[in-house]
Amino acid sequence: MPLEQSIYEEAHNILTERRTRANQQAAQLQDRMRAQNPRVAQVERALAASSAQVVRAVLDRADVTAVVARIRDENLALQTELATILREAGETVTNFEPQYACPLCRDTGYVDQKRCACLDALLKELAVQHLERSAQVKLPTFDSLTTAYYPDTAENGMSPRVRMERVLDFCRHYAADFSNESESLLLCGPTGTGKTQVSLAIARTAAEKGFGVVYGPAGRLFHQLEREHFGRADGDTLEKLSACDLLVIDDLGTEFTGPFYTASLYELLNTRQLAGLPTIISTNLSLGQIAERYGEAVASRVIGAFQPIVFVGRDIRQVKREQLLR
């Protein structure tokens, strides 16, 4: 499931607004300059008559090459005159052509029936905005993540900082190479070690690549599924979670336990595994605790289909507070 149709519609609406605004501003400038200086209309009429002069030369069997050269020189002089009139009037443009945000595609979004780079950039921007609204959180980039808050003292031959640099490097490459064939990840480790931020950075990168991404804390996702299942809310959350290119379930294990939540988790994991769709789960639970909390069926899906990525270190929020108090 690629980007939602609503994102494409919003992008095309924005481009239509840009194009309409550019055309309106050009027309308003033209009307204003015509009113200020009668010579403007005369120049425009002379420029418009050029093509008719060429046709007439062909019909009269005149020296077309000479006629075209003369008309070119005249047009250049007229264009220079128009640019001078506009400059003296305090305008920054040299003619009445619409000033499109993207001159390449003229704000249509397409060049030679292929998507323009400006539309690709707009789709990336809107995809991140939509994901941030649904996630209710600001999405970090990998460049904004740092390992400076992890201890650099060696433990068992390697410091937490070095370990997390390797984790971050792995996740950065995972996001950059993300596809529908990517493996599922289990981001596990103590509270506050950066699992959520890394999962959000992966989600952002995948969305920017044009993949359909759904992110949410486990409690919020399962609560919405429960409300819709029992008729307390409308929606198609189960379909979206089951079919999106990448599903990110954050903080698994912090939600209330119950048969419906466990059954929903199993159904989601099983459906997506059968469809070959990648899922990312972040949790403070160990595999043993996952089995104890959700049962062997869920644990089997996680053990069999997810690549564990272990986060280490102290709670970064606590480390930051301690540094502020020094």
# chains A, B, ... in the order shown; residues from 1 in each chain; ligands from 1
$ residues_around --residues "Ala201 (chain A)" --least-positions-apart "5" --cutoff "6 Å" --atoms "only C-alpha atoms" --output "MDAnalysis selection string"
chainID A and resid 140:142
$ write_last_selection --atoms "C-alpha atoms" --output "compact mmCIF listing (two decimals), in the first residue's frame"
# COMPACT_ATOMS: atom_id res chain seq x y z
CA PRO A 140 13.25 12.95 13.97
CA THR A 141 15.78 12.35 11.22
CA PHE A 142 18.76 10.08 11.61
$ residues_around --residues "Asp251 (chain A)" --least-positions-apart "3" --cutoff "10 Å" --atoms "only C-alpha atoms" --output "list in words"
Leu187, Cys188, Thr191, Lys195, Thr196, Gly216, Pro217, Ala218, Gly219, Val248, Thr254, Glu255, Ile281, Ser282, Thr283, Asn284 and Leu285 of chain A
$ closest_residue --among "A:Gly189, A:Pro259, A:Pro98, A:Gly212" --to "Pro278 (chain A)" --atoms "only C-alpha atoms"
A:Gly212
$ closest_residue --among "A:Arg133, A:Gly157, A:Arg172, A:Val298" --to "Leu145 (chain A)" --atoms "only C-alpha atoms"
A:Arg172
$ atom_distance --atom1 "CA of Leu274 (chain A)" --atom2 "CA of Ala175 (chain A)"
21.9 Å
$ atom_distance --atom1 "CA of Ala207 (chain A)" --atom2 "CA of Cys116 (chain A)"
18.2 Å
$ select_by_dssp --residues "region 54-192 of chain A" --states "alpha helix (DSSP H)" --output "ChimeraX atom specification"
/A:54-59,64-88,117-135,160-176
$ write_last_selection --atoms "C-alpha atoms" --output "mmCIF file, in the first residue's frame"
data_model
loop_
_atom_site.group_PDB
_atom_site.id
_atom_site.type_symbol
_atom_site.label_atom_id
_atom_site.label_comp_id
_atom_site.auth_asym_id
_atom_site.auth_seq_id
_atom_site.Cartn_x
_atom_site.Cartn_y
_atom_site.Cartn_z
ATOM 1 C CA VAL A 54 6.026 35.209 -40.997
ATOM 2 C CA VAL A 55 2.944 33.528 -42.480
ATOM 3 C CA ARG A 56 2.435 36.467 -44.810
ATOM 4 C CA ALA A 57 6.047 36.251 -45.978
ATOM 5 C CA VAL A 58 5.596 32.573 -46.803
ATOM 6 C CA LEU A 59 2.389 33.243 -48.756
ATOM 7 C CA VAL A 64 11.504 34.041 -45.343
ATOM 8 C CA THR A 65 14.980 33.799 -43.782
ATOM 9 C CA ALA A 66 15.469 37.541 -44.016
ATOM 10 C CA VAL A 67 11.959 38.226 -42.747
ATOM 11 C CA VAL A 68 12.454 35.935 -39.723
ATOM 12 C CA ALA A 69 15.792 37.573 -38.903
ATOM 13 C CA ARG A 70 14.234 41.046 -39.089
ATOM 14 C CA ILE A 71 11.269 39.990 -36.925
ATOM 15 C CA ARG A 72 13.631 38.387 -34.383
ATOM 16 C CA ASP A 73 15.594 41.598 -34.036
ATOM 17 C CA GLU A 74 12.394 43.637 -33.721
ATOM 18 C CA ASN A 75 11.017 41.264 -31.082
ATOM 19 C CA LEU A 76 14.224 41.436 -29.067
ATOM 20 C CA ALA A 77 14.001 45.221 -29.119
ATOM 21 C CA LEU A 78 10.350 45.112 -28.050
ATOM 22 C CA GLN A 79 11.086 42.640 -25.235
ATOM 23 C CA THR A 80 13.926 44.852 -24.027
ATOM 24 C CA GLU A 81 11.609 47.863 -24.082
ATOM 25 C CA LEU A 82 8.956 45.980 -22.099
ATOM 26 C CA ALA A 83 11.556 44.880 -19.539
ATOM 27 C CA THR A 84 12.702 48.504 -19.178
ATOM 28 C CA ILE A 85 9.125 49.698 -18.618
ATOM 29 C CA LEU A 86 8.613 47.058 -15.925
ATOM 30 C CA ARG A 87 11.932 47.827 -14.227
ATOM 31 C CA GLU A 88 11.219 51.558 -14.157
ATOM 32 C CA ALA A 117 11.130 16.577 -8.891
ATOM 33 C CA CYS A 118 9.008 19.316 -7.296
ATOM 34 C CA LEU A 119 6.063 16.916 -6.958
ATOM 35 C CA ASP A 120 8.329 14.234 -5.470
ATOM 36 C CA ALA A 121 9.597 16.753 -2.900
ATOM 37 C CA LEU A 122 6.056 17.880 -2.100
ATOM 38 C CA LEU A 123 4.870 14.294 -1.643
ATOM 39 C CA LYS A 124 7.747 13.618 0.774
ATOM 40 C CA GLU A 125 6.888 16.725 2.776
ATOM 41 C CA LEU A 126 3.191 15.870 2.943
ATOM 42 C CA ALA A 127 3.868 12.219 3.797
ATOM 43 C CA VAL A 128 5.903 13.297 6.831
ATOM 44 C CA GLN A 129 3.224 15.828 7.854
ATOM 45 C CA HIS A 130 0.471 13.203 7.631
ATOM 46 C CA LEU A 131 2.556 10.713 9.592
ATOM 47 C CA GLU A 132 3.318 13.300 12.272
ATOM 48 C CA ARG A 133 -0.376 14.141 12.625
ATOM 49 C CA SER A 134 -1.390 10.506 12.940
ATOM 50 C CA ALA A 135 1.527 9.709 15.254
ATOM 51 C CA PRO A 160 27.228 1.258 25.376
ATOM 52 C CA ARG A 161 28.097 4.201 23.122
ATOM 53 C CA VAL A 162 29.936 2.018 20.637
ATOM 54 C CA ARG A 163 27.150 -0.569 20.747
ATOM 55 C CA MET A 164 24.528 2.093 20.045
ATOM 56 C CA GLU A 165 26.603 3.608 17.257
ATOM 57 C CA ARG A 166 26.432 0.194 15.596
ATOM 58 C CA VAL A 167 22.688 -0.054 16.260
ATOM 59 C CA LEU A 168 22.113 3.400 14.820
ATOM 60 C CA ASP A 169 24.227 2.619 11.778
ATOM 61 C CA PHE A 170 22.303 -0.605 11.156
ATOM 62 C CA CYS A 171 18.930 1.144 11.472
ATOM 63 C CA ARG A 172 20.036 4.015 9.232
ATOM 64 C CA HIS A 173 20.972 1.569 6.475
ATOM 65 C CA TYR A 174 17.779 -0.416 7.070
ATOM 66 C CA ALA A 175 15.721 2.750 6.518
ATOM 67 C CA ALA A 176 17.722 3.873 3.484
#
